[in-house]
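Participant: What follows is model_19.txt, compact mmCIF, C-alpha atoms.
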# COMPACT_ATOMS: atom_id res chain seq x y z
CA MET A 911 -18.23 -16.29 -39.36
CA ASN A 912 -20.87 -14.21 -37.60
CA ILE A 913 -21.36 -12.86 -34.07
CA LYS A 914 -23.45 -15.88 -33.09
CA GLU A 915 -20.66 -18.27 -34.03
CA ILE A 916 -18.08 -16.17 -32.19
CA ARG A 917 -20.30 -16.26 -29.09
CA GLN A 918 -20.51 -20.04 -29.37
CA ILE A 919 -16.73 -20.27 -29.60
CA LEU A 920 -16.34 -18.07 -26.51
CA ASN A 921 -18.84 -20.19 -24.60
CA LEU A 922 -17.03 -23.36 -25.57
CA MET A 923 -13.73 -21.86 -24.42
CA LYS A 924 -15.32 -21.00 -21.09
CA GLU A 925 -16.91 -24.42 -20.76
CA TYR A 926 -13.72 -26.33 -21.45
CA GLU A 927 -11.46 -23.73 -19.75
CA ILE A 928 -9.44 -23.04 -22.89
CA ALA A 929 -7.19 -20.02 -22.45
CA GLU A 930 -6.22 -19.36 -26.07
CA MET A 931 -7.52 -20.38 -29.50
CA ASP A 932 -6.74 -19.59 -33.15
CA ILE A 933 -9.27 -20.38 -35.88
CA GLU A 934 -8.93 -19.79 -39.62
CA ARG A 935 -11.93 -20.36 -41.87
CA GLU A 936 -13.06 -19.00 -45.20
CA GLY A 937 -10.21 -16.48 -45.22
CA VAL A 938 -11.15 -15.14 -41.77
CA LYS A 939 -8.62 -15.52 -38.99
CA LEU A 940 -9.86 -15.34 -35.39
CA SER A 941 -7.46 -15.28 -32.46
CA VAL A 942 -8.99 -15.37 -28.98
CA LYS A 943 -7.05 -15.13 -25.75
CA LYS A 944 -8.51 -15.06 -22.26
CA ASN A 945 -7.73 -11.68 -20.68
CA ALA A 946 -5.19 -12.14 -17.87
CA SER A 947 -6.51 -9.07 -16.08
CA LEU A 948 -9.80 -10.86 -15.47
CA SER A 949 -7.98 -13.59 -13.66
CA ALA A 950 -8.05 -13.72 -9.88
CA VAL A 951 -4.25 -13.76 -9.63
CA PRO A 952 -3.25 -10.52 -7.89
CA TYR A 953 -0.21 -9.82 -10.04
CA PRO A 954 0.88 -10.49 -13.60
CA PRO A 955 1.07 -14.27 -13.73
CA SER A 956 3.90 -14.27 -16.26
CA MET A 957 6.59 -14.68 -13.59
CA PRO A 958 7.30 -18.41 -13.29
CA LEU A 959 6.95 -19.68 -9.74
CA SER A 960 10.35 -21.31 -9.98
CA ALA A 961 11.90 -17.88 -10.38
CA GLN A 962 10.65 -16.74 -7.02
CA ALA A 963 12.69 -17.21 -3.91
CA ALA A 964 11.30 -19.75 -1.48
CA PHE A 965 10.24 -17.06 0.95
CA PHE A 966 8.56 -14.84 -1.60
CA GLN A 967 5.34 -16.73 -2.07
CA PRO A 968 2.24 -16.40 -4.22
CA LEU A 969 -1.00 -15.90 -2.34
CA PRO A 970 -3.33 -18.89 -2.37
CA VAL A 971 -5.78 -18.39 -5.23
CA GLN A 972 -8.79 -19.18 -3.05
CA GLU A 973 -8.24 -15.92 -1.10
CA SER A 974 -8.74 -13.87 -4.24
CA GLU A 975 -11.60 -16.07 -5.40
CA LYS A 976 -13.29 -15.49 -2.05
CA ALA A 977 -12.84 -11.76 -2.46
CA LYS A 978 -14.28 -11.89 -5.94
CA SER A 979 -17.38 -13.78 -4.87
CA GLN A 980 -17.93 -11.44 -1.93
CA GLY A 981 -17.71 -8.51 -4.31
CA ALA A 982 -20.48 -10.01 -6.38
CA ASP A 983 -22.62 -10.44 -3.27
CA SER A 984 -22.48 -6.76 -2.48
CA VAL A 985 -25.03 -5.79 -5.13
CA ASN A 986 -27.78 -3.95 -3.31
CA LYS A 987 -31.30 -5.25 -3.72
CA GLU A 988 -33.03 -3.07 -1.11
CA GLU A 989 -34.65 0.17 -2.23
CA ASN A 990 -33.23 3.51 -1.00
CA VAL A 991 -30.30 1.73 0.55
CA HIS A 992 -26.76 2.35 -0.64
CA LEU A 993 -23.99 -0.08 0.24
CA ILE A 994 -20.53 1.25 0.93
CA THR A 995 -18.14 -1.53 0.01
CA ALA A 996 -14.41 -2.06 0.46
CA PRO A 997 -12.47 -1.04 -2.66
CA ILE A 998 -9.39 -2.85 -1.39
CA VAL A 999 -8.24 -5.60 0.97
CA GLY A 1000 -6.98 -4.46 4.35
CA THR A 1001 -7.77 -3.73 7.98
CA PHE A 1002 -10.94 -1.76 8.69
CA TYR A 1003 -10.51 1.13 11.12
CA ALA A 1004 -13.56 3.03 12.30
CA ALA A 1005 -11.57 5.99 13.67
CA PRO A 1006 -8.54 8.03 12.59
CA SER A 1007 -6.52 6.88 15.63
CA PRO A 1008 -7.00 4.38 18.47
CA GLU A 1009 -7.97 7.16 20.91
CA ALA A 1010 -10.31 9.05 18.55
CA SER A 1011 -14.08 8.70 18.19
CA PRO A 1012 -15.36 6.72 15.21
CA TYR A 1013 -15.96 8.66 12.02
CA VAL A 1014 -19.60 7.52 11.99
CA SER A 1015 -22.07 5.51 14.09
CA VAL A 1016 -25.49 4.07 13.33
CA GLY A 1017 -27.79 7.05 12.80
CA THR A 1018 -25.04 9.47 11.71
CA LYS A 1019 -26.08 11.76 8.86
CA ILE A 1020 -23.46 11.71 6.15
CA SER A 1021 -22.58 13.83 3.11
CA PRO A 1022 -20.65 12.65 0.04
CA ASN A 1023 -17.31 14.11 1.15
CA ASP A 1024 -17.43 12.70 4.69
CA THR A 1025 -14.86 10.07 5.61
CA VAL A 1026 -16.57 6.96 6.97
CA CYS A 1027 -13.56 4.74 7.72
CA ILE A 1028 -9.98 3.86 6.86
CA ILE A 1029 -8.82 0.61 5.33
CA GLU A 1030 -5.14 0.12 6.01
CA ALA A 1031 -2.74 -2.25 4.38
CA MET A 1032 1.00 -2.02 4.93
CA LYS A 1033 0.93 1.59 6.08
CA VAL A 1034 -1.12 2.72 3.12
CA MET A 1035 -4.13 4.52 4.48
CA ASN A 1036 -7.15 4.19 2.24
CA GLU A 1037 -9.63 6.76 3.45
CA ILE A 1038 -13.13 5.81 2.36
CA LYS A 1039 -15.56 8.63 1.58
CA ALA A 1040 -19.33 8.31 1.84
CA GLU A 1041 -19.91 9.53 -1.75
CA VAL A 1042 -23.66 9.72 -0.99
CA SER A 1043 -25.92 11.68 1.34
CA GLY A 1044 -27.95 9.71 3.84
CA VAL A 1045 -28.00 8.12 7.26
CA ILE A 1046 -25.84 5.19 8.42
CA GLU A 1047 -28.27 2.31 8.88
CA SER A 1048 -25.78 -0.38 9.85
CA ILE A 1049 -22.06 -0.96 10.26
CA ASN A 1050 -21.34 -4.41 8.95
CA VAL A 1051 -17.76 -4.91 10.09
CA LYS A 1052 -15.84 -4.56 13.34
CA ASN A 1053 -12.96 -2.24 14.11
CA GLY A 1054 -9.68 -3.99 13.32
CA GLN A 1055 -11.31 -6.62 11.11
CA ILE A 1056 -9.67 -7.70 7.84
CA VAL A 1057 -12.00 -6.85 4.97
CA GLU A 1058 -11.98 -8.25 1.48
CA PHE A 1059 -12.50 -6.45 -1.81
CA GLY A 1060 -16.20 -5.73 -2.33
CA GLN A 1061 -17.21 -6.58 1.26
CA VAL A 1062 -20.11 -4.47 2.55
CA LEU A 1063 -18.89 -2.03 5.20
CA PHE A 1064 -21.95 0.17 5.73
CA LYS A 1065 -25.59 0.30 4.74
CA VAL A 1066 -26.76 3.85 4.14
CA LYS A 1067 -30.41 4.92 4.01
CA ILE A 1068 -30.60 7.47 1.21
CA MET B 342 8.10 9.41 -14.44
CA LYS B 343 9.21 13.03 -14.30
CA LEU B 344 9.51 14.24 -10.71
CA THR B 345 9.19 17.99 -10.09
CA VAL B 346 9.99 19.40 -6.67
CA ARG B 347 7.93 22.22 -5.13
CA ARG B 348 9.60 23.69 -2.07
CA PHE B 349 7.92 25.16 1.00
CA GLU B 350 9.45 26.62 4.16
CA CYS B 351 6.84 25.14 6.46
CA LEU B 352 3.69 23.07 5.99
CA ASP B 353 1.49 21.43 8.57
CA SER B 354 2.04 18.14 6.72
CA THR B 355 3.31 17.56 3.20
CA ASN B 356 0.91 14.61 2.86
CA LEU B 357 -2.04 16.76 3.88
CA TYR B 358 -1.10 19.50 1.40
CA ALA B 359 -0.68 16.97 -1.43
CA ARG B 360 -3.99 15.28 -0.62
CA GLU B 361 -5.93 18.52 -0.35
CA ASN B 362 -4.57 19.63 -3.72
CA PHE B 363 -4.46 16.18 -5.31
CA TYR B 364 -6.68 16.95 -8.28
CA SER B 365 -4.83 20.15 -9.20
CA LEU B 366 -1.33 18.70 -8.84
CA SER B 367 0.33 16.78 -11.66
CA ASN B 368 1.57 13.24 -11.46
CA GLY B 369 5.10 13.20 -10.06
CA VAL B 370 4.97 16.50 -8.18
CA VAL B 371 7.08 16.36 -5.02
CA ILE B 372 5.90 18.57 -2.15
CA LEU B 373 8.93 19.33 0.02
CA ALA B 374 8.96 21.28 3.28
CA ARG B 375 11.95 22.35 5.40
CA THR B 376 9.83 21.73 8.45
CA GLN B 377 6.37 20.41 9.31
CA SER B 378 4.20 21.69 12.14
CA ALA B 379 2.02 18.57 12.23
CA GLY B 380 3.98 15.77 10.55
CA LYS B 381 1.94 12.58 10.45
CA GLY B 382 2.71 8.96 11.15
CA ARG B 383 0.53 5.88 11.10
CA ARG B 384 -2.79 5.88 13.00
CA GLY B 385 -2.57 9.42 14.35
CA ARG B 386 1.07 9.22 15.46
CA LYS B 387 3.29 12.29 15.03
CA TRP B 388 6.41 12.56 12.88
CA ILE B 389 8.81 14.94 14.58
CA SER B 390 9.88 17.37 11.88
CA PRO B 391 12.33 20.05 13.08
CA ASP B 392 14.21 22.39 10.76
CA GLU B 393 17.57 20.64 11.15
CA GLY B 394 18.30 19.54 7.59
CA ASN B 395 16.08 16.48 7.33
CA LEU B 396 13.89 15.58 4.40
CA TYR B 397 10.10 15.76 4.58
CA PHE B 398 8.29 15.32 1.30
CA SER B 399 5.31 13.76 -0.42
CA ILE B 400 5.10 12.48 -3.96
CA VAL B 401 1.84 12.71 -5.90
CA LEU B 402 1.23 9.50 -7.83
CA LYS B 403 -1.67 9.63 -10.24
CA ASP B 404 -0.89 6.77 -12.55
CA ASP B 405 -3.28 3.93 -13.05
CA PHE B 406 -2.54 0.91 -10.97
CA PRO B 407 -3.16 -2.13 -13.18
CA HIS B 408 -4.19 -4.11 -10.10
CA THR B 409 -5.92 -2.08 -7.42
CA GLU B 410 -4.06 -3.69 -4.56
CA GLN B 411 -0.73 -2.60 -5.97
CA VAL B 412 -1.36 0.74 -4.28
CA ASN B 413 -0.60 -1.06 -1.01
CA ASN B 414 2.97 -1.72 -2.13
CA ILE B 415 3.90 1.91 -2.74
CA THR B 416 5.55 2.43 0.62
CA GLN B 417 7.48 -0.81 0.20
CA VAL B 418 8.72 0.32 -3.21
CA ALA B 419 9.82 3.59 -1.60
CA SER B 420 11.52 1.77 1.28
CA ILE B 421 13.72 -0.05 -1.25
CA ALA B 422 14.66 3.29 -2.87
CA VAL B 423 15.53 4.74 0.56
CA ALA B 424 17.64 1.70 1.42
CA GLN B 425 19.49 2.03 -1.89
CA THR B 426 20.16 5.70 -1.14
CA LEU B 427 21.57 4.86 2.29
CA GLU B 428 23.74 2.22 0.71
CA PHE B 429 25.02 4.80 -1.79
CA TYR B 430 26.35 6.75 1.22
CA GLY B 431 28.09 3.66 2.57
CA LEU B 432 25.52 2.68 5.18
CA PHE B 433 24.11 -0.83 5.72
CA PRO B 434 20.33 -0.51 5.80
CA SER B 435 17.65 -3.10 6.41
CA ILE B 436 13.88 -2.93 6.05
CA LYS B 437 11.55 -3.93 8.86
CA TRP B 438 8.21 -5.00 7.46
CA PRO B 439 6.26 -3.37 6.11
CA ASN B 440 8.47 -0.38 5.33
CA ASP B 441 10.57 0.95 8.21
CA VAL B 442 14.10 1.58 7.04
CA LEU B 443 16.67 0.87 9.74
CA VAL B 444 20.37 1.53 10.16
CA SER B 445 22.16 -0.15 13.07
CA GLY B 446 18.75 -1.46 14.10
CA LYS B 447 17.36 2.06 14.52
CA LYS B 448 14.70 3.76 12.44
CA VAL B 449 16.07 6.36 10.04
CA CYS B 450 13.08 6.84 7.75
CA GLY B 451 9.31 6.72 7.99
CA LEU B 452 6.90 6.22 5.10
CA LEU B 453 3.20 6.81 5.02
CA SER B 454 1.03 6.62 1.97
CA GLU B 455 -2.57 7.72 1.61
CA SER B 456 -4.65 6.71 -1.37
CA VAL B 457 -7.28 8.83 -3.05
CA ILE B 458 -10.44 6.90 -3.88
CA TYR B 459 -13.42 8.01 -5.92
CA ARG B 460 -16.37 5.81 -6.79
CA ASN B 461 -14.59 2.82 -5.32
CA GLN B 462 -11.67 3.29 -7.72
CA ILE B 463 -8.15 4.22 -6.68
CA GLN B 464 -7.35 7.55 -8.33
CA GLY B 465 -3.80 7.58 -7.07
CA ALA B 466 -1.88 8.08 -3.87
CA VAL B 467 0.25 10.46 -1.92
CA LEU B 468 3.49 8.93 -0.73
CA GLY B 469 5.00 10.64 2.30
CA ILE B 470 8.67 10.22 3.17
CA GLY B 471 10.44 11.49 6.27
CA LEU B 472 14.17 10.82 6.22
CA ASN B 473 16.43 11.76 9.13
CA VAL B 474 19.44 13.29 7.40
CA ASN B 475 21.04 15.72 9.87
CA MET B 476 18.94 15.32 12.98
CA SER B 477 20.56 16.32 16.28
CA LEU B 478 21.07 13.79 19.07
CA LYS B 479 18.98 16.02 21.33
CA THR B 480 15.97 15.79 19.00
CA LEU B 481 16.47 12.07 18.42
CA LYS B 482 16.15 11.50 22.15
CA THR B 483 12.62 12.93 22.04
CA ILE B 484 11.48 10.12 19.71
CA ASP B 485 9.61 7.28 21.44
CA GLN B 486 11.55 4.50 19.69
CA PRO B 487 15.19 3.84 18.75
CA ALA B 488 15.98 6.29 15.96
CA THR B 489 19.02 7.57 14.13
CA ALA B 490 20.00 9.89 11.29
CA MET B 491 22.31 9.53 8.30
CA GLY B 492 24.62 12.28 9.59
CA ILE B 493 24.98 10.63 12.99
CA GLU B 494 25.81 7.26 11.44
CA LEU B 495 28.33 8.82 9.04
CA LYS B 496 29.65 11.30 11.61
CA LYS B 497 29.28 14.24 9.24
CA ASN B 498 26.65 16.65 8.00
CA LEU B 499 25.13 15.91 4.61
CA ASP B 500 23.57 18.13 1.97
CA PRO B 501 19.82 17.29 2.09
CA GLU B 502 19.37 18.47 -1.51
CA GLU B 503 21.95 15.97 -2.69
CA VAL B 504 20.32 13.18 -0.67
CA LEU B 505 16.94 14.16 -2.15
CA ALA B 506 18.26 14.01 -5.72
CA ILE B 507 19.77 10.57 -5.18
CA LEU B 508 16.68 9.27 -3.45
CA LEU B 509 14.31 10.54 -6.15
CA ASN B 510 16.52 8.99 -8.77
CA HIS B 511 16.37 5.58 -7.06
CA PHE B 512 12.63 5.94 -6.55
CA SER B 513 12.06 6.67 -10.25
CA VAL B 514 13.86 3.47 -11.23
CA CYS B 515 12.11 1.31 -8.60
CA TYR B 516 8.69 2.79 -9.40
CA ALA B 517 9.12 2.22 -13.15
CA CYS B 518 9.98 -1.42 -12.48
CA PHE B 519 7.00 -1.74 -10.13
CA GLN B 520 4.63 -0.29 -12.72
CA LYS B 521 5.89 -2.66 -15.35
CA LYS B 522 6.16 -5.88 -13.37
CA GLY B 523 4.36 -5.37 -10.07
CA PHE B 524 5.99 -5.76 -6.68
CA ILE B 525 7.44 -9.09 -7.72
CA GLY B 526 9.68 -7.17 -10.13
CA LEU B 527 11.50 -5.80 -7.08
CA LYS B 528 11.72 -9.19 -5.40
CA ASP B 529 15.53 -9.40 -5.36
CA HIS B 530 15.91 -5.95 -3.82
CA TRP B 531 13.20 -6.64 -1.25
CA ILE B 532 14.79 -9.91 -0.21
CA LYS B 533 18.21 -8.28 0.04
CA TYR B 534 17.01 -5.81 2.67
CA THR B 535 14.56 -8.03 4.55
CA LYS B 536 16.11 -11.51 4.56
CA GLU B 537 17.42 -11.21 8.10
CA TRP B 538 13.81 -11.28 9.34
CA ILE B 539 12.93 -14.68 7.88
CA GLY B 540 12.57 -17.27 10.62
CA LYS B 541 12.76 -14.65 13.37
CA LYS B 542 10.38 -14.89 16.29
CA VAL B 543 8.44 -11.64 16.38
CA ARG B 544 5.63 -9.93 18.18
CA VAL B 545 2.96 -8.61 15.85
CA GLU B 546 0.98 -5.67 17.13
CA ASN B 547 -1.92 -3.79 15.70
CA GLU B 548 -5.25 -2.71 17.09
CA SER B 549 -6.74 -6.19 16.82
CA ILE B 550 -3.75 -8.52 17.22
CA LYS B 551 -1.03 -8.84 19.80
CA LYS B 552 0.51 -12.20 19.05
CA THR B 553 3.86 -13.89 18.83
CA GLY B 554 4.95 -16.05 15.94
CA SER B 555 7.78 -16.66 13.53
CA ILE B 556 8.07 -15.10 10.08
CA LEU B 557 7.67 -17.75 7.43
CA ALA B 558 7.75 -15.67 4.27
CA PHE B 559 6.76 -12.53 2.46
CA ASN B 560 3.85 -13.06 0.11
CA GLU B 561 4.30 -11.77 -3.41
CA ASN B 562 1.85 -8.96 -2.66
CA GLY B 563 4.12 -7.75 0.16
CA THR B 564 2.03 -9.05 3.06
CA LEU B 565 3.58 -11.13 5.79
CA LYS B 566 3.09 -14.83 6.40
CA ILE B 567 3.47 -15.65 10.08
CA ASN B 568 3.36 -18.96 11.86
CA PHE B 569 1.49 -18.26 15.08
CA ASP B 570 1.20 -21.00 17.68
CA ASP B 571 -2.24 -22.03 16.50
CA ASN B 572 -2.22 -21.24 12.79
CA VAL B 573 -0.46 -19.65 9.82
CA SER B 574 -1.86 -16.19 9.05
CA THR B 575 -1.38 -13.38 6.59
CA VAL B 576 -0.70 -10.06 8.28
CA TYR B 577 -1.71 -6.91 6.41
CA ASP B 578 -0.80 -4.18 8.82
CA GLY B 579 0.70 -3.34 12.16
CA ASP B 580 4.21 -3.38 13.54
CA ILE B 581 6.59 -6.23 14.19
CA TYR B 582 9.14 -6.39 16.98
CA ILE B 583 11.79 -8.94 17.75
CA ASP B 584 10.43 -11.11 20.55
CA LYS B 585 13.02 -11.25 23.31
Spit out the file's structure as structure tokens when you get a sec.
Facilitator:
Amino acid sequence: MNIKEIRQILNLMKEYEIAEMDIEREGVKLSVKKNASLSAVPYPPSMPLSAQAAFFQPLPVQESEKAKSQGADSVNKEENVHLITAPIVGTFYAAPSPEASPYVSVGTKISPNDTVCIIEAMKVMNEIKAEVSGVIESINVKNGQIVEFGQVLFKVKI
Amino acid sequence: MKLTVRRFECLDSTNLYARENFYSLSNGVVILARTQSAGKGRRGRKWISPDEGNLYFSIVLKDDFPHTEQVNNITQVASIAVAQTLEFYGLFPSIKWPNDVLVSGKKVCGLLSESVIYRNQIQGAVLGIGLNVNMSLKTLKTIDQPATAMGIELKKNLDPEEVLAILLNHFSVCYACFQKKGFIGLKDHWIKYTKEWIGKKVRVENESIKKTGSILAFNENGTLKINFDDNVSTVYDGDIYIDK
């Protein structure tokens, strides 16, 4: 069994959505299992649904799928433009408090250690740093908006 | 996880200190201050932190989170540990989503976590806990919402060091379970302290929403499922209040 054959097996598993496969041939044993961590389910899927109380519900899978696809869309194709994307799902806040001025506006010069926004989920404040030097070219989300993983928050001219 | 306490007389904010020194502090270090000059709450709110025998501390958590969004459950994990501690002392706590711990319907503990992100990856988080242990009635009256303290509910002064030890012990157990199984591993505890909210008509308030609906369920990632008049929505942040 060579690499080419293993690739073919993996492609077949993908094509037919097979999660696990064991093959034994010519004294070689191959065991392939789809990695659960690559799945879109937010938490370990081992817990049977029946074991959950009625009011402790799994999230609909499409929400995570949506997040995944949006993450893939955030790949930057423009030259000298850096995209700051959401590393986590939550509410986008442009300022540290409701009364405060926004961290950045279009045209603001930023340095890597500057905070550009907060994404909050359940009282966990995720402060997002610029991590690049440049100028804010656009702000792609609104204050108070729910953002998904990988969603573009800012375009930065570098 | 081994928790090591570092004590300070006064800090501006234990969360701020832990965040500023995040990379030089070890996983599990607890930054404890007798008083805070600028204790923080959510979205720029203040946490009143007098030197009256309360607990103000932040725990540095640097472990990997197998699923990035698990970081959002940290305060909920801590709220369960706080509720268990209150129960140990004979109190009857409940948790108001997402993580306010209440006794007799009044807030006794506030939790605020701040993550540390580098290159779009969560490096860890600082979990801040403010627990009213021996707060005076006079100080409680200065708080802008119904609040109480353990000592007031139990009608006696408590040793904050003993409360801290018990709380950290409960947190260690809850956090280990959370790391192993995710938030769903704490499902039974969560339901125990939050079940009274299911079906309740509530007002949800954050900077973008001010709506009324009834609580349908908690999602397994700790978010809230609410039936508003026009649709069913998932709520990620904000405060809920009983709609009278």
Participant: Quick check, in Å to one decimal: how far apart do atom CA of Gln464 of chain B and atom CA of Gln520 of chain B lie?
Facilitator: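 Distance between the two atoms: 15.0 Å.
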Participant: Give as a CSV table (one decimal) with C-alpha atoms, in the frame of the given file every residue of chain B that touches chain A within 8 Å, counting all atoms listed in the file.
Facilitator:
chain,number,residue,atom,x,y,z
B,383,ARG,CA,0.5,5.9,11.1
B,384,ARG,CA,-2.8,5.9,13.0
B,385,GLY,CA,-2.6,9.4,14.4
B,386,ARG,CA,1.1,9.2,15.5
B,408,HIS,CA,-4.2,-4.1,-10.1
B,409,THR,CA,-5.9,-2.1,-7.4
B,410,GLU,CA,-4.1,-3.7,-4.6
B,412,VAL,CA,-1.4,0.7,-4.3
B,413,ASN,CA,-0.6,-1.1,-1.0
B,414,ASN,CA,3.0,-1.7,-2.1
B,415,ILE,CA,3.9,1.9,-2.7
B,416,THR,CA,5.6,2.4,0.6
B,439,PRO,CA,6.3,-3.4,6.1
B,440,ASN,CA,8.5,-0.4,5.3
B,452,LEU,CA,6.9,6.2,5.1
B,453,LEU,CA,3.2,6.8,5.0
B,454,SER,CA,1.0,6.6,2.0
B,455,GLU,CA,-2.6,7.7,1.6
B,456,SER,CA,-4.6,6.7,-1.4
B,457,VAL,CA,-7.3,8.8,-3.0
B,458,ILE,CA,-10.4,6.9,-3.9
B,459,TYR,CA,-13.4,8.0,-5.9
B,460,ARG,CA,-16.4,5.8,-6.8
B,461,ASN,CA,-14.6,2.8,-5.3
B,462,GLN,CA,-11.7,3.3,-7.7
B,463,ILE,CA,-8.2,4.2,-6.7
B,522,LYS,CA,6.2,-5.9,-13.4
B,523,GLY,CA,4.4,-5.4,-10.1
B,528,LYS,CA,11.7,-9.2,-5.4
B,539,ILE,CA,12.9,-14.7,7.9
B,548,GLU,CA,-5.2,-2.7,17.1
B,549,SER,CA,-6.7,-6.2,16.8
B,557,LEU,CA,7.7,-17.8,7.4
B,558,ALA,CA,7.8,-15.7,4.3
B,559,PHE,CA,6.8,-12.5,2.5
B,560,ASN,CA,3.8,-13.1,0.1
B,561,GLU,CA,4.3,-11.8,-3.4
B,562,ASN,CA,1.8,-9.0,-2.7
B,564,THR,CA,2.0,-9.0,3.1
B,577,TYR,CA,-1.7,-6.9,6.4
B,578,ASP,CA,-0.8,-4.2,8.8
B,579,GLY,CA,0.7,-3.3,12.2
Participant: Taking every listed atom of segment 503-511 of chain B and adding 3 Å to each side, what centre and edge lengths in Å (one decimal) does the axis-aligned box have, as lines of an AutoDock Vina configuration file?
Facilitator:
center_x = 18.1
center_y = 10.8
center_z = -4.7
size_x = 13.6
size_y = 16.4
size_z = 14.1
Participant: Measure the distance from atom CA of Tyr364 of chain B to atom CA of Gln417 of chain B in Å and round it to one decimal.
Facilitator: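 Interatomic distance, atom CA of Tyr364 of chain B to atom CA of Gln417 of chain B: 24.2 Å.
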Participant: Select, counting all atoms listed in the file, all protein, DNA and RNA residues no farther than 8 Å from (-13.8, -12.4, -30.0) in file coordinates, and express the selection as a PyMOL selection string.
Facilitator: chain A and resi 916-917+920+940-942
Participant: How many Å lie between atom CA of Pro1022 of chain A and atom CA of Phe363 of chain B, rounded to one decimal?
Facilitator: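 Those two atoms sit 17.4 Å apart.
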Participant: Compile the contact shell of Phe349 of chain B as an mmCIF file with C-alpha atoms, keeping the file's coordinate frame: residues with an atom at most 7 Å away, counting only C-alpha atoms, same-chain residues fewer than 2 positions apart removed.
Facilitator:
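selection26.cif written:
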data_model
loop_
_atom_site.group_PDB
_atom_site.id
_atom_site.type_symbol
_atom_site.label_atom_id
_atom_site.label_comp_id
_atom_site.auth_asym_id
_atom_site.auth_seq_id
_atom_site.Cartn_x
_atom_site.Cartn_y
_atom_site.Cartn_z
ATOM 1 C CA ARG B 347 7.930 22.220 -5.130
ATOM 2 C CA CYS B 351 6.840 25.140 6.460
ATOM 3 C CA LEU B 352 3.690 23.070 5.990
ATOM 4 C CA LEU B 373 8.930 19.330 0.020
ATOM 5 C CA ALA B 374 8.960 21.280 3.280
ATOM 6 C CA ARG B 375 11.950 22.350 5.400
#
Participant: Please identify all polymer residues lying at most 7 Å from the point (-31.1, 6.4, 2.5) (file coordinates), using all atoms listed in the file, and present the result as a list of chain:residue names.
Facilitator: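 Those within range, by chain then number, are A:Asn990, A:Val991, A:His992, A:Gly1044, A:Val1045, A:Val1066, A:Lys1067, A:Ile1068.
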Participant: Emit the selected residues as a compact mmCIF listing (two decimals), in the coordinates of the input, including C-alpha atoms.
Facilitator:
# COMPACT_ATOMS: atom_id res chain seq x y z
CA ASN A 990 -33.23 3.51 -1.00
CA VAL A 991 -30.30 1.73 0.55
CA HIS A 992 -26.76 2.35 -0.64
CA GLY A 1044 -27.95 9.71 3.84
CA VAL A 1045 -28.00 8.12 7.26
CA VAL A 1066 -26.76 3.85 4.14
CA LYS A 1067 -30.41 4.92 4.01
CA ILE A 1068 -30.60 7.47 1.21
Participant: Extract, using only C-alpha atoms, all DNA, RNA and protein residues at most 10 Å from segment 502-514 of chain B, discarding same-chain residues fewer than 6 positions from it, and format them as a PyMOL selection string.
Facilitator: chain B and resi 342-346+369+371+373+394-398+400+418-427+429-430+472+474+491
Participant: Calculated over all atoms listed in the file, which of the candidates B:Ser354, B:Asn547, B:Gln486, B:Thr480 has the smallest distance to Ile372 of chain B?
Facilitator: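 Using all atoms listed in the file, Ile372 of chain B sits closest to B:Ser354.
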Participant: Can you tell me which residues surround Ser1015 of chain A at a distance of at most 9 Å, considering all atoms listed in the file, apart from same-chain residues fewer than 6 positions away, and format the answer as a ChimeraX atom specification?
Facilitator: /A:1046-1049
